[in-house]
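Quick look at work.cif (mmCIF, C-alpha atoms):
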```cif
data_work
loop_
_atom_site.label_atom_id
_atom_site.label_comp_id
_atom_site.auth_asym_id
_atom_site.auth_seq_id
_atom_site.Cartn_x
_atom_site.Cartn_y
_atom_site.Cartn_z
CA MET A 1 167.42 146.67 111.41
CA ASP A 2 169.27 149.92 110.87
CA LEU A 3 172.02 149.17 113.38
CA LEU A 4 173.49 152.70 113.32
CA ALA A 5 170.13 154.36 114.01
CA HIS A 6 169.47 151.94 116.87
CA LEU A 7 172.93 152.49 118.37
CA GLU A 8 172.40 156.26 118.16
CA ALA A 9 169.17 155.87 120.13
CA TYR A 10 170.97 153.76 122.73
CA VAL A 11 173.94 156.12 123.21
CA ALA A 12 171.74 159.24 123.23
CA THR A 13 169.54 157.72 125.96
CA VAL A 14 172.58 156.92 128.07
CA ASP A 15 173.94 160.45 127.61
CA GLU A 16 170.64 162.18 128.40
CA ALA A 17 169.41 159.72 131.06
CA SER A 18 165.95 160.31 129.60
CA PHE A 19 163.98 158.78 126.76
CA SER A 20 162.18 162.04 125.99
CA ARG A 21 165.35 164.17 125.93
CA ALA A 22 167.15 161.55 123.80
CA ALA A 23 164.26 161.59 121.32
CA ASP A 24 164.39 165.39 121.13
CA ARG A 25 168.15 165.26 120.57
CA LEU A 26 167.74 162.85 117.65
CA GLY A 27 164.70 164.65 116.26
CA ILE A 28 162.40 161.61 116.44
CA ALA A 29 159.26 160.72 118.37
CA GLN A 30 159.73 159.10 121.78
CA PRO A 31 157.73 155.95 120.88
CA LEU A 32 160.05 155.39 117.92
CA LEU A 33 163.11 155.75 120.15
CA SER A 34 161.63 153.29 122.66
CA ARG A 35 160.98 150.76 119.87
CA ARG A 36 164.57 151.10 118.66
CA ILE A 37 165.91 150.46 122.18
CA LYS A 38 163.66 147.41 122.57
CA THR A 39 164.69 146.05 119.15
CA LEU A 40 168.36 146.50 120.08
CA GLU A 41 167.85 144.67 123.36
CA GLU A 42 166.21 141.77 121.50
CA HIS A 43 169.10 141.76 119.00
CA PHE A 44 171.77 141.61 121.71
CA GLY A 45 169.76 139.33 124.03
CA GLY A 46 169.80 141.48 127.18
CA LEU A 47 168.30 144.61 128.76
CA LEU A 48 170.20 147.85 128.23
CA PHE A 49 168.13 149.96 130.64
CA ASP A 50 166.42 149.33 133.97
CA ARG A 51 162.85 150.62 133.55
CA SER A 52 161.68 149.78 137.10
CA HIS A 53 162.55 153.23 138.44
CA ARG A 54 161.41 156.73 137.43
CA GLN A 55 165.02 157.62 136.55
CA VAL A 56 166.42 155.85 133.49
CA ALA A 57 169.35 153.71 134.59
CA THR A 58 171.77 151.73 132.45
CA THR A 59 172.12 148.06 133.32
CA GLU A 60 175.49 146.36 133.77
CA PHE A 61 174.93 144.73 130.38
CA GLY A 62 174.28 148.16 128.87
CA VAL A 63 177.39 149.65 130.51
CA LEU A 64 179.47 146.80 129.13
CA LEU A 65 178.28 147.38 125.55
CA LEU A 66 178.39 151.20 125.71
CA PRO A 67 182.07 151.79 124.71
CA TYR A 68 181.71 149.48 121.72
CA ALA A 69 178.58 151.29 120.56
CA GLN A 70 180.32 154.66 120.97
CA ASP A 71 183.32 153.39 118.99
CA VAL A 72 181.07 152.27 116.10
CA LEU A 73 179.36 155.69 115.97
CA GLU A 74 182.65 157.58 116.18
CA ARG A 75 184.14 155.54 113.34
CA THR A 76 180.99 156.09 111.29
CA ASP A 77 181.22 159.84 111.86
CA ARG A 78 184.87 159.85 110.74
CA LEU A 79 183.90 157.87 107.65
CA ARG A 80 181.20 160.41 106.77
CA ARG A 81 183.61 163.32 107.23
CA ALA A 82 186.19 161.58 105.04
CA ALA A 83 183.54 161.02 102.34
CA ARG A 84 182.54 164.69 102.41
CA SER A 85 186.17 165.74 102.15
CA ALA A 86 186.76 163.32 99.28
CA ARG A 87 183.76 164.71 97.39
CA ARG A 88 185.03 168.25 97.82
CA SER A 89 188.57 167.38 96.74
CA ALA A 90 187.64 164.99 93.91
CA VAL A 91 189.20 165.96 90.60
CA ARG A 92 186.66 167.25 88.10
CA THR A 93 187.87 166.63 84.58
CA VAL A 94 187.39 169.30 81.92
CA GLY A 95 187.28 168.42 78.21
CA MET A 96 189.12 170.96 76.05
CA PRO A 97 189.90 171.17 72.30
CA VAL A 98 193.08 169.38 71.28
CA ASP A 99 194.66 172.50 69.78
CA CYS A 100 194.71 174.59 72.96
CA GLY A 101 198.15 175.71 74.12
CA PRO A 102 199.73 174.31 77.30
CA ALA A 103 199.66 177.71 79.01
CA ALA A 104 195.91 178.02 78.39
CA LEU A 105 195.29 174.58 79.88
CA ALA A 106 197.47 175.43 82.88
CA ARG A 107 195.35 178.53 83.52
CA VAL A 108 192.24 176.32 83.71
CA ILE A 109 193.87 174.15 86.38
CA ARG A 110 195.13 177.19 88.28
CA ALA A 111 191.69 178.85 88.26
CA GLY A 112 190.22 175.71 89.78
CA ALA A 113 192.82 175.74 92.57
CA GLU A 114 192.04 179.40 93.28
CA HIS A 115 188.37 178.50 93.72
CA GLY A 116 188.99 175.39 95.81
CA VAL A 117 188.15 172.94 93.03
CA ALA A 118 190.61 170.31 91.80
CA LEU A 119 190.40 170.39 88.00
CA GLY A 120 192.03 168.05 85.54
CA VAL A 121 192.20 168.79 81.82
CA ARG A 122 191.85 166.35 78.94
CA GLU A 123 192.42 167.42 75.33
CA LEU A 124 189.80 165.60 73.30
CA PRO A 125 188.19 165.86 69.84
CA PRO A 126 184.62 167.23 69.78
CA GLU A 127 182.78 163.89 69.71
CA ARG A 128 184.83 162.56 72.64
CA ARG A 129 183.98 165.62 74.71
CA GLU A 130 180.26 165.11 74.15
CA SER A 131 180.42 161.39 74.95
CA GLY A 132 182.49 162.16 78.06
CA LEU A 133 179.74 164.45 79.36
CA ALA A 134 177.15 161.78 78.61
CA ASP A 135 178.94 158.95 80.44
CA GLY A 136 180.17 161.13 83.32
CA SER A 137 183.89 160.75 82.65
CA LEU A 138 183.99 164.54 82.17
CA ALA A 139 182.53 167.04 84.62
CA TYR A 140 182.69 169.97 82.20
CA ALA A 141 183.49 170.43 78.54
CA LEU A 142 183.41 172.90 75.67
CA VAL A 143 180.91 171.53 73.15
CA ARG A 144 180.96 172.57 69.48
CA VAL A 145 177.79 174.36 68.34
CA PRO A 146 177.05 176.62 65.34
CA PRO A 147 178.56 180.05 66.00
CA GLU A 148 175.25 181.86 65.63
CA ASN A 149 173.89 179.84 68.58
CA ALA A 150 177.08 179.89 70.62
CA PRO A 151 177.72 181.73 73.89
CA LEU A 152 181.44 181.61 73.06
CA ARG A 153 182.89 182.28 69.62
CA VAL A 154 186.43 181.62 68.43
CA PRO A 155 187.60 183.31 65.21
CA LEU A 156 189.06 180.97 62.64
CA GLY A 157 191.53 181.98 59.99
CA LEU A 158 194.01 180.67 57.47
CA ALA A 159 197.57 179.93 58.52
CA SER A 160 200.33 180.04 55.94
CA ALA A 161 204.10 180.16 55.77
CA PRO A 162 205.60 183.43 57.04
CA ALA A 163 206.76 185.83 54.35
CA PRO A 164 210.52 185.87 53.60
CA ASP A 165 210.84 189.13 55.52
CA ALA A 166 209.02 187.80 58.59
CA PRO A 167 210.67 188.57 61.96
CA ASP A 168 212.25 185.13 62.14
CA GLY A 169 213.78 185.56 58.67
CA SER A 170 213.08 181.97 57.78
CA GLY A 171 212.06 182.48 54.16
CA ALA A 172 209.84 179.42 54.54
CA ARG A 173 207.49 180.55 51.78
CA ASP A 174 210.00 179.66 49.09
CA GLY A 175 210.83 176.28 50.60
CA GLY A 176 213.67 177.43 52.81
CA GLY A 177 212.98 174.84 55.48
CA LEU A 178 210.92 174.86 58.66
CA GLY A 179 212.16 178.08 60.19
CA GLY A 180 209.75 179.89 62.43
CA LEU A 181 209.14 177.05 64.87
CA GLY A 182 210.43 178.37 68.14
CA GLY A 183 211.18 181.85 66.76
CA PRO A 184 209.27 185.02 67.62
CA PRO A 185 205.65 184.90 66.48
CA PRO A 186 205.01 186.53 63.10
CA PRO A 187 202.69 189.51 62.97
CA ARG A 188 199.04 188.91 62.23
CA ALA A 189 198.29 189.33 58.54
CA ALA A 190 196.40 192.53 57.78
CA GLY A 191 192.76 192.26 56.75
CA ALA A 192 190.28 189.42 56.75
CA VAL A 193 190.36 186.67 54.13
CA HIS A 194 187.46 186.14 51.71
CA LEU A 195 187.28 182.65 50.29
CA GLU A 196 187.04 184.19 46.82
CA ASP A 197 190.58 185.49 47.36
CA LEU A 198 191.86 181.91 47.27
CA ARG A 199 190.93 181.38 43.62
CA PRO A 200 193.85 181.39 41.15
CA ARG A 201 194.50 184.84 39.67
CA ARG A 202 194.00 185.43 35.99
CA GLY A 203 195.56 187.89 33.60
CA ARG A 204 199.05 189.11 32.82
CA GLY A 205 201.63 188.36 35.45
CA ALA A 206 199.60 185.58 37.01
CA ALA A 207 201.10 182.12 37.28
CA ARG A 208 199.35 179.95 34.71
CA GLY A 209 198.01 176.56 35.66
CA ARG A 210 198.77 177.03 39.33
CA ALA A 211 196.08 175.33 41.44
CA PRO A 212 195.00 176.85 44.77
CA LEU A 213 196.62 175.40 47.85
CA ALA A 214 194.78 172.67 49.73
CA LEU A 215 193.06 173.71 52.95
CA LEU A 216 193.69 171.42 55.92
CA LEU A 217 191.15 170.93 58.70
CA LEU A 218 192.25 170.11 62.23
CA ALA A 219 190.21 167.51 64.15
CA GLU A 220 188.38 170.32 65.94
CA ASP A 221 186.90 171.55 62.65
CA GLN A 222 186.01 168.15 61.19
CA VAL A 223 182.64 168.08 62.97
CA PRO A 224 180.02 167.41 60.25
CA PHE A 225 178.05 170.66 60.49
CA ALA A 226 181.23 172.79 60.43
CA ALA A 227 182.96 170.90 57.61
CA ASP A 228 179.77 170.84 55.50
CA ARG A 229 179.24 174.56 56.02
CA LEU A 230 182.81 175.34 54.99
CA GLY A 231 182.54 173.06 51.94
CA ARG A 232 179.38 174.84 50.74
CA ALA A 233 180.98 178.26 51.28
CA MET A 234 184.01 177.22 49.22
CA ALA A 235 181.75 175.93 46.44
CA ARG A 236 179.95 179.28 46.35
CA ALA A 237 183.33 181.00 46.13
CA GLY A 238 184.14 178.97 43.02
CA LEU A 239 186.90 176.90 44.60
CA PRO A 240 187.53 173.38 43.28
CA GLU A 241 185.78 170.48 44.95
CA GLY A 242 188.08 168.38 47.09
CA LEU A 243 190.25 171.28 48.17
CA LEU A 244 189.40 170.50 51.81
CA ARG A 245 191.10 167.57 53.47
CA PRO A 246 191.79 166.39 57.04
CA ALA A 247 195.01 167.70 58.51
CA GLY A 248 196.22 164.37 59.90
CA PRO A 249 199.03 164.61 62.47
CA VAL A 250 199.46 168.20 63.62
CA ALA A 251 203.24 168.15 63.18
CA THR A 252 202.90 167.06 59.55
CA ALA A 253 200.24 169.69 58.87
CA LEU A 254 202.47 172.41 60.33
CA ALA A 255 205.44 171.21 58.29
CA GLU A 256 203.40 171.40 55.08
CA THR A 257 202.06 174.82 56.05
CA LEU A 258 205.51 176.22 56.84
CA ALA A 259 206.81 174.82 53.57
CA GLY A 260 204.13 176.79 51.72
CA ARG A 261 202.45 173.72 50.26
CA VAL A 262 199.08 174.06 52.05
CA ARG A 263 197.01 176.41 54.16
CA LEU A 264 195.79 175.41 57.60
CA LEU A 265 192.46 176.42 59.14
CA CYS A 266 193.15 177.28 62.79
CA THR A 267 192.80 179.88 65.55
CA GLU A 268 195.14 182.80 65.99
CA PRO A 269 196.58 181.51 69.34
CA PHE A 270 197.41 178.21 67.62
CA ALA A 271 199.11 180.02 64.74
CA ARG A 272 201.14 182.22 67.06
CA LEU A 273 202.16 179.28 69.19
CA HIS A 274 203.57 177.48 66.14
CA GLY A 275 205.09 180.43 64.29
CA VAL A 276 202.89 180.62 61.19
CA ALA A 277 201.28 183.68 59.63
CA TRP A 278 197.53 184.01 60.18
CA ALA A 279 194.62 186.03 58.83
CA PRO A 280 190.98 185.71 60.01
CA LEU A 281 188.18 184.50 57.80
CA HIS A 282 185.79 187.29 56.86
CA ASP A 283 182.74 185.00 57.03
CA THR A 284 181.98 184.73 60.78
CA SER A 285 179.52 181.88 60.15
CA LEU A 286 182.61 179.72 59.51
CA HIS A 287 184.13 180.51 62.90
CA ARG A 288 183.98 178.13 65.84
CA GLY A 289 181.12 178.19 68.30
CA TYR A 290 181.33 176.70 71.79
CA ALA A 291 178.89 176.09 74.63
CA PRO A 292 180.31 175.27 78.09
CA ARG A 293 178.37 172.29 79.45
CA ALA A 294 178.28 170.28 82.66
CA SER A 295 177.68 166.54 82.97
CA GLU A 296 174.31 165.44 84.33
CA ARG A 297 176.06 162.34 85.68
CA GLN A 298 178.05 164.37 88.24
CA PRO A 299 175.70 166.13 90.71
CA ALA A 300 178.61 168.11 92.19
CA ALA A 301 179.16 169.67 88.76
CA ALA A 302 175.53 170.41 87.92
CA ARG A 303 176.40 173.84 86.53
CA VAL A 304 179.43 175.42 84.95
CA PRO A 305 180.58 178.13 87.40
CA HIS A 306 180.88 181.62 85.93
CA TRP A 307 184.60 181.81 86.73
CA LEU A 308 185.13 178.58 84.78
CA VAL A 309 183.16 179.90 81.79
CA THR A 310 185.58 182.82 81.63
CA VAL A 311 188.76 180.75 81.83
CA LEU A 312 187.46 178.16 79.35
CA ALA A 313 186.67 180.93 76.89
CA SER A 314 190.18 182.32 77.28
CA GLY A 315 191.71 178.86 76.92
CA ALA A 316 189.88 178.19 73.67
CA GLY A 317 190.73 181.63 72.26
CA ALA A 318 187.18 183.04 72.40
CA ALA A 319 186.88 186.64 71.32
CA ALA A 320 183.19 187.23 71.99
CA ALA A 321 180.39 185.91 74.14
CA ARG A 322 176.71 186.28 74.77
CA PRO A 323 174.50 184.93 77.59
CA GLY A 324 173.84 181.22 77.57
CA GLY A 325 176.94 179.45 78.92
CA GLY A 326 177.17 178.44 82.55
CA ASP A 327 174.81 179.56 85.31
CA GLU A 328 172.49 182.52 84.89
CA ASP A 329 174.23 184.85 87.30
CA GLY A 330 177.63 183.89 85.94
CA ASP A 331 176.82 184.54 82.30
CA ALA A 332 176.58 188.29 82.66
CA ASP A 333 179.80 188.37 84.62
CA ALA A 334 181.57 186.15 82.07
CA VAL A 335 180.36 188.30 79.20
CA ALA A 336 181.54 191.46 80.94
CA ARG A 337 184.96 190.00 81.59
CA LEU A 338 185.33 188.72 78.05
CA ALA A 339 184.30 192.09 76.69
CA ALA A 340 186.88 193.79 78.91
CA HIS A 341 189.55 191.51 77.48
CA GLY A 342 188.39 192.23 73.92
#
```

Would you mind writing the structure in this file as structure tokens?
Amino acid sequence: MDLLAHLEAYVATVDEASFSRAADRLGIAQPLLSRRIKTLEEHFGGLLFDRSHRQVATTEFGVLLLPYAQDVLERTDRLRRAARSARRSAVRTVGMPVDCGPAALARVIRAGAEHGVALGVRELPPERRESGLADGSLAYALVRVPPENAPLRVPLGLASAPAPDAPDGSGARDGGGLGGLGGPPPPRAAGAVHLEDLRPRRGRGAARGRAPLALLLLAEDQVPFAADRLGRAMARAGLPEGLLRPAGPVATALAETLAGRVRLLCTEPFARLHGVAWAPLHDTSLHRGYAPRASERQPAAARVPHWLVTVLASGAGAAAARPGGGDEDGDADAVARLAAHG
């Protein structure tokens, strides 16, 4: 027996003093309401209504049980309201790349608050973001995809030690320490970098026997399709095999970069945040591609809202977009906003 449905039939009949009006109030057929009342009477072992008169009258037994039935229904209603409120206020976790800056992540949380959605942010490597969407531990995430198929694209470039005459005056290129961390951000290097430019120079005045600097990959760029693509591009450019290697701890990678011993593949916001010089890669097929996705395990987050597409793109450092991320109506709006921000 569905006790709540039967108690609702009982209380509605008392309130309306009519089986037909009670049935209309509950949106059920009168015979069904009558069966529920009879079943409830059998369950409690006593008559709830006196059916010997034309007017429905509540028996003494029914009057005695009425306040308890009303209390059960009131508590049930409060429980349902609390559940609805909890669903609305539940924190929806967003998976973001590990190299996003704190301010960018804070903007994601703030945007959620402005739209009445409690968002939490987790910085995770690419494979953890995809698995989080699959198991429902993440509501939304930026998923790595090839840039040519991506609704959001993030330019990648090479970070290196600032020149000796950089604004912070660190002289880190010639091994003068780790200056630049915490100083004003160096200007963006002019012009895009071709991988061929990384080959050792030949001829008079060129340093003989000097090998090209190693190129470090952050965890975000160690996804197989991206690393393989970069490796093939470097081979075509005539660069030695094995020049690519994982960055390891970010602090160590930055220290090596600032000391002029390696180059680091990263985004411009990351380079500016950490005080290293940066120049974009000319080959856009080597840039990052992202698709904002929602978890199928969380019905409340069935789609990525257009406002979230925009703030996720900004947080990841996206510089271009095309339709395909988030809901259909939101994509055009997100693209327009991203275009307005350059």

(request) Select, from A:Leu142, A:Leu133, A:Leu152, A:Met234, the residue with the minimum atom-to-atom distance to Ser295 (chain A), counting only C-alpha atoms. (result)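 Closest residue, counting only C-alpha atoms: A:Leu133.
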
(request) Please evaluate the PyMOL selection byres ((chain A and resi 221) around 12) against the structure above and give the resulting residues as a count of residues only. (result) 41

(message) When you look at Leu198 (chain A) with a cut-off of 8 Å (counting only C-alpha atoms), what residues show up, excluding the ones that are within fewer than 3 positions of it in the same chain? I need them as a VMD selection string.
(response) chain A and resid 194 to 195 212 239

(message) Given only C-alpha atoms as the basis, pick out the residue of A:Asp283, A:Glu60, A:Glu241, A:Glu114 nearest to Val193 (chain A).
(response)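 Of all the options, A:Asp283 lies closest to Val193 (chain A).
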
(message) Which residues, named as in the file, does the PyMOL selection byres ((chain A and resi 58) around 10) pick out? Answer as a VMD selection string.
(response) chain A and resid 10 13 to 14 17 47 to 51 55 to 57 59 to 64 66

(request) Kindly resolve the PyMOL selection byres ((chain A and resi 292) around 7) on the present coordinates and return the residues as a ChimeraX atom specification. (result) /A:141-143,290-291,293,304,309,325-326

(request) Might you pull out every residue within 12 Å of Pro31 (chain A), with only C-alpha atoms counted and same-chain residues fewer than 6 positions away left off, and present them as a PyMOL selection string? (result) chain A and resi 9+19-20+22-24+37-38
